[in-house]
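Peer 1: start-v5.pdb (PDB, C-alpha atoms, pLDDT in the B column) pasted underneath:
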ATOM      1  CA  MET A   1     193.105 103.887  61.564  1.00 48.00           C
ATOM      2  CA  SER A   2     193.498 105.298  58.127  1.00 47.00           C
ATOM      3  CA  ASN A   3     196.774 105.422  56.230  1.00 51.00           C
ATOM      4  CA  ASP A   4     195.644 108.483  54.266  1.00 50.00           C
ATOM      5  CA  LYS A   5     197.683 111.417  55.516  1.00 53.00           C
ATOM      6  CA  ALA A   6     195.815 113.761  53.135  1.00 56.00           C
ATOM      7  CA  GLN A   7     192.887 113.782  55.586  1.00 71.00           C
ATOM      8  CA  LEU A   8     194.950 115.611  58.207  1.00 70.00           C
ATOM      9  CA  PRO A   9     194.901 119.408  58.250  1.00 69.00           C
ATOM     10  CA  PRO A  10     198.222 120.984  57.305  1.00 73.00           C
ATOM     11  CA  ARG A  11     200.508 121.672  60.234  1.00 78.00           C
ATOM     12  CA  ASP A  12     202.490 124.824  60.766  1.00 73.00           C
ATOM     13  CA  PRO A  13     206.116 123.916  61.621  1.00 69.00           C
ATOM     14  CA  ALA A  14     206.454 127.294  63.372  1.00 74.00           C
ATOM     15  CA  ASP A  15     203.633 126.413  65.797  1.00 69.00           C
ATOM     16  CA  VAL A  16     205.079 125.230  69.116  1.00 69.00           C
ATOM     17  CA  ALA A  17     202.286 122.614  69.306  1.00 76.00           C
ATOM     18  CA  ALA A  18     203.942 121.000  66.271  1.00 77.00           C
ATOM     19  CA  CYS A  19     207.377 120.912  67.952  1.00 89.00           C
ATOM     20  CA  THR A  20     209.078 117.721  66.807  1.00 89.00           C
ATOM     21  CA  PHE A  21     210.908 117.326  70.108  1.00 91.00           C
ATOM     22  CA  ALA A  22     207.818 117.752  72.295  1.00 91.00           C
ATOM     23  CA  ASN A  23     205.730 115.387  70.192  1.00 91.00           C
ATOM     24  CA  LEU A  24     208.450 112.731  70.047  1.00 93.00           C
ATOM     25  CA  ARG A  25     208.898 112.925  73.828  1.00 94.00           C
ATOM     26  CA  LYS A  26     205.138 112.611  74.375  1.00 95.00           C
ATOM     27  CA  ALA A  27     204.962 109.594  72.074  1.00 95.00           C
ATOM     28  CA  THR A  28     208.068 108.098  73.679  1.00 95.00           C
ATOM     29  CA  ARG A  29     206.606 108.439  77.178  1.00 97.00           C
ATOM     30  CA  ALA A  30     203.334 106.789  76.114  1.00 97.00           C
ATOM     31  CA  VAL A  31     205.039 103.942  74.247  1.00 97.00           C
ATOM     32  CA  THR A  32     207.538 103.417  77.079  1.00 96.00           C
ATOM     33  CA  GLN A  33     204.725 103.147  79.620  1.00 97.00           C
ATOM     34  CA  PHE A  34     202.950 100.642  77.365  1.00 98.00           C
ATOM     35  CA  TYR A  35     206.016  98.372  76.962  1.00 98.00           C
ATOM     36  CA  GLU A  36     206.966  98.689  80.626  1.00 97.00           C
ATOM     37  CA  ALA A  37     203.500  97.533  81.671  1.00 98.00           C
ATOM     38  CA  ALA A  38     203.977  94.498  79.433  1.00 98.00           C
ATOM     39  CA  LEU A  39     207.433  93.708  80.879  1.00 98.00           C
ATOM     40  CA  ASP A  40     206.546  94.502  84.499  1.00 97.00           C
ATOM     41  CA  PRO A  41     205.888  90.855  85.496  1.00 97.00           C
ATOM     42  CA  LEU A  42     209.611  90.221  84.919  1.00 97.00           C
ATOM     43  CA  ASP A  43     210.760  93.347  86.794  1.00 95.00           C
ATOM     44  CA  LEU A  44     212.305  94.570  83.548  1.00 97.00           C
ATOM     45  CA  THR A  45     212.066  98.073  82.132  1.00 96.00           C
ATOM     46  CA  ALA A  46     211.719  98.754  78.424  1.00 96.00           C
ATOM     47  CA  THR A  47     215.226 100.252  78.375  1.00 95.00           C
ATOM     48  CA  GLN A  48     216.678  97.201  80.117  1.00 96.00           C
ATOM     49  CA  PHE A  49     214.931  94.918  77.637  1.00 97.00           C
ATOM     50  CA  THR A  50     216.359  96.930  74.743  1.00 96.00           C
ATOM     51  CA  LEU A  51     219.879  96.772  76.195  1.00 96.00           C
ATOM     52  CA  LEU A  52     219.689  93.021  76.746  1.00 96.00           C
ATOM     53  CA  ALA A  53     218.113  92.314  73.365  1.00 96.00           C
ATOM     54  CA  THR A  54     220.670  94.491  71.553  1.00 95.00           C
ATOM     55  CA  LEU A  55     223.576  92.766  73.288  1.00 95.00           C
ATOM     56  CA  GLU A  56     222.112  89.343  72.583  1.00 94.00           C
ATOM     57  CA  ARG A  57     221.500  90.150  68.914  1.00 94.00           C
ATOM     58  CA  ARG A  58     224.851  91.838  68.235  1.00 93.00           C
ATOM     59  CA  GLY A  59     227.037  89.703  70.458  1.00 82.00           C
ATOM     60  CA  PRO A  60     229.648  90.990  72.884  1.00 91.00           C
ATOM     61  CA  LEU A  61     230.166  94.719  72.394  1.00 93.00           C
ATOM     62  CA  ARG A  62     232.465  97.356  73.743  1.00 91.00           C
ATOM     63  CA  LEU A  63     230.646  99.939  75.869  1.00 91.00           C
ATOM     64  CA  THR A  64     231.334 102.605  73.232  1.00 90.00           C
ATOM     65  CA  ASP A  65     229.909 100.440  70.438  1.00 92.00           C
ATOM     66  CA  LEU A  66     226.745  99.722  72.424  1.00 94.00           C
ATOM     67  CA  ALA A  67     226.350 103.429  73.220  1.00 93.00           C
ATOM     68  CA  ASP A  68     226.729 104.261  69.510  1.00 92.00           C
ATOM     69  CA  ALA A  69     224.236 101.568  68.467  1.00 92.00           C
ATOM     70  CA  LEU A  70     221.640 102.941  70.888  1.00 93.00           C
ATOM     71  CA  VAL A  71     222.492 106.629  70.317  1.00 93.00           C
ATOM     72  CA  MET A  72     223.058 106.927  74.058  1.00 94.00           C
ATOM     73  CA  ASP A  73     225.837 108.739  75.874  1.00 93.00           C
ATOM     74  CA  ARG A  74     228.226 106.507  77.807  1.00 91.00           C
ATOM     75  CA  THR A  75     227.302 107.947  81.212  1.00 94.00           C
ATOM     76  CA  THR A  76     223.592 107.217  80.704  1.00 94.00           C
ATOM     77  CA  LEU A  77     224.389 103.780  79.319  1.00 95.00           C
ATOM     78  CA  THR A  78     226.621 102.949  82.289  1.00 93.00           C
ATOM     79  CA  ARG A  79     223.860 104.033  84.686  1.00 95.00           C
ATOM     80  CA  ASN A  80     221.337 101.829  82.834  1.00 95.00           C
ATOM     81  CA  LEU A  81     223.699  98.841  82.749  1.00 95.00           C
ATOM     82  CA  LYS A  82     224.390  98.897  86.494  1.00 95.00           C
ATOM     83  CA  PRO A  83     221.161  97.167  87.652  1.00 96.00           C
ATOM     84  CA  LEU A  84     221.522  94.571  84.882  1.00 97.00           C
ATOM     85  CA  THR A  85     225.073  93.835  85.948  1.00 96.00           C
ATOM     86  CA  GLU A  86     224.046  93.685  89.627  1.00 96.00           C
ATOM     87  CA  ARG A  87     221.298  91.178  88.733  1.00 96.00           C
ATOM     88  CA  GLY A  88     223.863  89.048  86.888  1.00 97.00           C
ATOM     89  CA  LEU A  89     222.164  89.563  83.519  1.00 98.00           C
ATOM     90  CA  ILE A  90     225.161  91.179  81.835  1.00 96.00           C
ATOM     91  CA  GLU A  91     228.785  90.193  82.107  1.00 93.00           C
ATOM     92  CA  VAL A  92     231.567  92.735  81.829  1.00 88.00           C
ATOM     93  CA  GLY A  93     234.881  91.460  80.554  1.00 85.00           C
ATOM     94  CA  ALA A  94     238.110  92.858  79.250  1.00 75.00           C
ATOM     95  CA  ASP A  95     238.743  93.456  75.582  1.00 67.00           C
ATOM     96  CA  GLU A  96     242.056  92.756  73.830  1.00 72.00           C
ATOM     97  CA  ASP A  97     242.868  96.278  74.996  1.00 69.00           C
ATOM     98  CA  LYS A  98     242.649  95.723  78.768  1.00 66.00           C
ATOM     99  CA  ARG A  99     241.440  99.321  79.270  1.00 71.00           C
ATOM    100  CA  VAL A 100     238.268  98.586  77.281  1.00 74.00           C
ATOM    101  CA  ARG A 101     235.247  96.799  78.739  1.00 80.00           C
ATOM    102  CA  ARG A 102     233.350  94.275  76.616  1.00 89.00           C
ATOM    103  CA  LEU A 103     229.734  93.551  77.524  1.00 94.00           C
ATOM    104  CA  SER A 104     227.818  90.340  76.910  1.00 95.00           C
ATOM    105  CA  VAL A 105     224.555  88.745  78.001  1.00 97.00           C
ATOM    106  CA  SER A 106     224.997  86.149  80.750  1.00 97.00           C
ATOM    107  CA  LYS A 107     223.139  82.830  80.835  1.00 97.00           C
ATOM    108  CA  ALA A 108     220.690  84.379  83.314  1.00 97.00           C
ATOM    109  CA  GLY A 109     220.238  87.338  80.951  1.00 97.00           C
ATOM    110  CA  ALA A 110     219.576  85.043  77.997  1.00 97.00           C
ATOM    111  CA  ALA A 111     217.005  83.137  80.064  1.00 98.00           C
ATOM    112  CA  LEU A 112     215.274  86.390  81.022  1.00 98.00           C
ATOM    113  CA  ILE A 113     215.178  87.551  77.385  1.00 97.00           C
ATOM    114  CA  LYS A 114     213.582  84.228  76.459  1.00 97.00           C
ATOM    115  CA  GLN A 115     210.882  84.865  79.094  1.00 98.00           C
ATOM    116  CA  ALA A 116     210.469  88.497  78.028  1.00 98.00           C
ATOM    117  CA  MET A 117     210.122  87.891  74.287  1.00 97.00           C
ATOM    118  CA  PRO A 118     206.472  86.731  74.357  1.00 98.00           C
ATOM    119  CA  LEU A 119     205.531  89.752  76.496  1.00 98.00           C
ATOM    120  CA  TRP A 120     207.429  92.103  74.198  1.00 98.00           C
ATOM    121  CA  ARG A 121     206.007  90.405  71.094  1.00 98.00           C
ATOM    122  CA  GLU A 122     202.442  90.864  72.375  1.00 98.00           C
ATOM    123  CA  ALA A 123     203.032  94.587  72.982  1.00 98.00           C
ATOM    124  CA  GLN A 124     204.779  94.961  69.616  1.00 97.00           C
ATOM    125  CA  THR A 125     201.962  93.174  67.781  1.00 97.00           C
ATOM    126  CA  HIS A 126     199.373  95.403  69.464  1.00 97.00           C
ATOM    127  CA  LEU A 127     201.129  98.546  68.220  1.00 96.00           C
ATOM    128  CA  VAL A 128     201.847  97.223  64.714  1.00 97.00           C
ATOM    129  CA  ASP A 129     198.275  95.996  64.301  1.00 97.00           C
ATOM    130  CA  GLY A 130     196.888  99.275  65.648  1.00 97.00           C
ATOM    131  CA  LEU A 131     198.991 101.391  63.313  1.00 96.00           C
ATOM    132  CA  GLY A 132     198.757  99.034  60.354  1.00 96.00           C
ATOM    133  CA  ASP A 133     201.784  97.598  58.587  1.00 96.00           C
ATOM    134  CA  GLY A 134     202.223 100.582  56.264  1.00 96.00           C
ATOM    135  CA  ARG A 135     202.056 103.269  58.935  1.00 96.00           C
ATOM    136  CA  TRP A 136     204.314 101.223  61.231  1.00 96.00           C
ATOM    137  CA  ALA A 137     206.936 100.754  58.482  1.00 96.00           C
ATOM    138  CA  ASN A 138     206.720 104.464  57.613  1.00 95.00           C
ATOM    139  CA  LEU A 139     207.094 105.368  61.294  1.00 95.00           C
ATOM    140  CA  LEU A 140     210.293 103.327  61.551  1.00 95.00           C
ATOM    141  CA  ASP A 141     211.613 104.914  58.354  1.00 95.00           C
ATOM    142  CA  ASP A 142     210.761 108.393  59.638  1.00 94.00           C
ATOM    143  CA  LEU A 143     212.427 107.719  62.989  1.00 93.00           C
ATOM    144  CA  ASP A 144     215.561 106.400  61.244  1.00 92.00           C
ATOM    145  CA  ALA A 145     215.612 109.534  59.098  1.00 93.00           C
ATOM    146  CA  ALA A 146     215.287 111.761  62.191  1.00 92.00           C
ATOM    147  CA  VAL A 147     218.187 109.950  63.868  1.00 91.00           C
ATOM    148  CA  SER A 148     220.318 110.269  60.739  1.00 91.00           C
ATOM    149  CA  LEU A 149     219.495 113.933  60.339  1.00 91.00           C
ATOM    150  CA  THR A 150     220.215 114.850  63.940  1.00 90.00           C
ATOM    151  CA  HIS A 151     222.986 112.391  64.767  1.00 84.00           C
ATOM    152  CA  GLY A 152     225.066 113.012  61.647  1.00 69.00           C
ATOM    153  CA  ARG A 153     224.884 109.525  60.204  1.00 52.00           C
TER     154      ARG A 153
END
Can you dump the structure from the file as structure tokens?

Peer 2:
Amino acid sequence: MSNDKAQLPPRDPADVAACTFANLRKATRAVTQFYEAALDPLDLTATQFTLLATLERRGPLRLTDLADALVMDRTTLTRNLKPLTERGLIEVGADEDKRVRRLSVSKAGAALIKQAMPLWREAQTHLVDGLGDGRWANLLDDLDAAVSLTHGR
């Protein structure tokens, strides 16, 4: 795949086929299906992997802080955390403020992440290699910019 964007015909931002939302959703569905196929042997969805990996990397987090980190509303996050909590992969404890819940990865969750990492890494490598390092890095930069622009960061 070429890194030369000049080869592409110009796109009309007023054309609904160029809708940023629709194209991001299409790409997200395809990429989600790809990662979920990779993680399927562990009965783990891509979203669940992301939640576990984020909690493991950032340490115990308040629900609000995890929702902010993932740009996810609390209701959706709570719904996605429920099966992980039921499987004993995430522990929910009290914060200094007893009204606040603090989430952390359990020992079982850490063990599952350790099993999942090679599967995730293989999927990640496939996409990075397919896009090429430059396009992949630009994609991440562009996605960060879109989040900043739309999420007021």

Peer 1: Residues picked by the PyMOL selection byres ((chain A and resi 94) around 12) here, as a list in words?

Peer 2: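 Checking the PyMOL selection byres ((chain A and resi 94) around 12) against this file, the residues are Pro60, Leu61, Arg62, Leu63, Glu91, Val92, Gly93, Asp95, Glu96, Asp97, Lys98, Arg99, Val100, Arg101, Arg102, Leu103 and Ser104 of chain A.
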
Peer 1: For CA of Pro83 in chain A and CA of Ala53 in chain A, quote the distance in Å rounded to one decimal.

Peer 2: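 CA of Ala53 in chain A lies at a distance of 15.4 Å from CA of Pro83 in chain A.
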
Peer 1: Given the choices A:Thr75, A:Glu56, A:Leu39, A:Ala137, which gets closest to Lys107 in chain A if the distance is worked out from only C-alpha atoms?

Peer 2: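 Of all the options, A:Glu56 lies closest to Lys107 in chain A.
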
Peer 1: Using Å and a single decimal, report how far CA of Ala38 in chain A sits from CA of Leu119 in chain A.

Peer 2: 5.8 Å

Peer 1: Taking all atoms listed in the file into account, which of A:Phe21, A:Arg58, A:Leu84, A:Arg29 comes nearest Leu112 in chain A?

Peer 2: A:Leu84

Peer 1: Any chance you could work out the residue set of the PyMOL selection byres ((chain A and resi 81) around 12) here, as a PyMOL selection string?

Peer 2: chain A and resi 45+47-52+55+63+66-67+72+74-80+82-92+103-105

Peer 1: Store the residues of this selection in a file with C-alpha atoms, as a CSV table (one decimal), in the frame of the given file.

Peer 2:
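Output file selection-v4.csv follows:
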chain,number,residue,atom,x,y,z
A,45,THR,CA,212.1,98.1,82.1
A,47,THR,CA,215.2,100.3,78.4
A,48,GLN,CA,216.7,97.2,80.1
A,49,PHE,CA,214.9,94.9,77.6
A,50,THR,CA,216.4,96.9,74.7
A,51,LEU,CA,219.9,96.8,76.2
A,52,LEU,CA,219.7,93.0,76.7
A,55,LEU,CA,223.6,92.8,73.3
A,63,LEU,CA,230.6,99.9,75.9
A,66,LEU,CA,226.7,99.7,72.4
A,67,ALA,CA,226.4,103.4,73.2
A,72,MET,CA,223.1,106.9,74.1
A,74,ARG,CA,228.2,106.5,77.8
A,75,THR,CA,227.3,107.9,81.2
A,76,THR,CA,223.6,107.2,80.7
A,77,LEU,CA,224.4,103.8,79.3
A,78,THR,CA,226.6,102.9,82.3
A,79,ARG,CA,223.9,104.0,84.7
A,80,ASN,CA,221.3,101.8,82.8
A,82,LYS,CA,224.4,98.9,86.5
A,83,PRO,CA,221.2,97.2,87.7
A,84,LEU,CA,221.5,94.6,84.9
A,85,THR,CA,225.1,93.8,85.9
A,86,GLU,CA,224.0,93.7,89.6
A,87,ARG,CA,221.3,91.2,88.7
A,88,GLY,CA,223.9,89.0,86.9
A,89,LEU,CA,222.2,89.6,83.5
A,90,ILE,CA,225.2,91.2,81.8
A,91,GLU,CA,228.8,90.2,82.1
A,92,VAL,CA,231.6,92.7,81.8
A,103,LEU,CA,229.7,93.6,77.5
A,104,SER,CA,227.8,90.3,76.9
A,105,VAL,CA,224.6,88.7,78.0
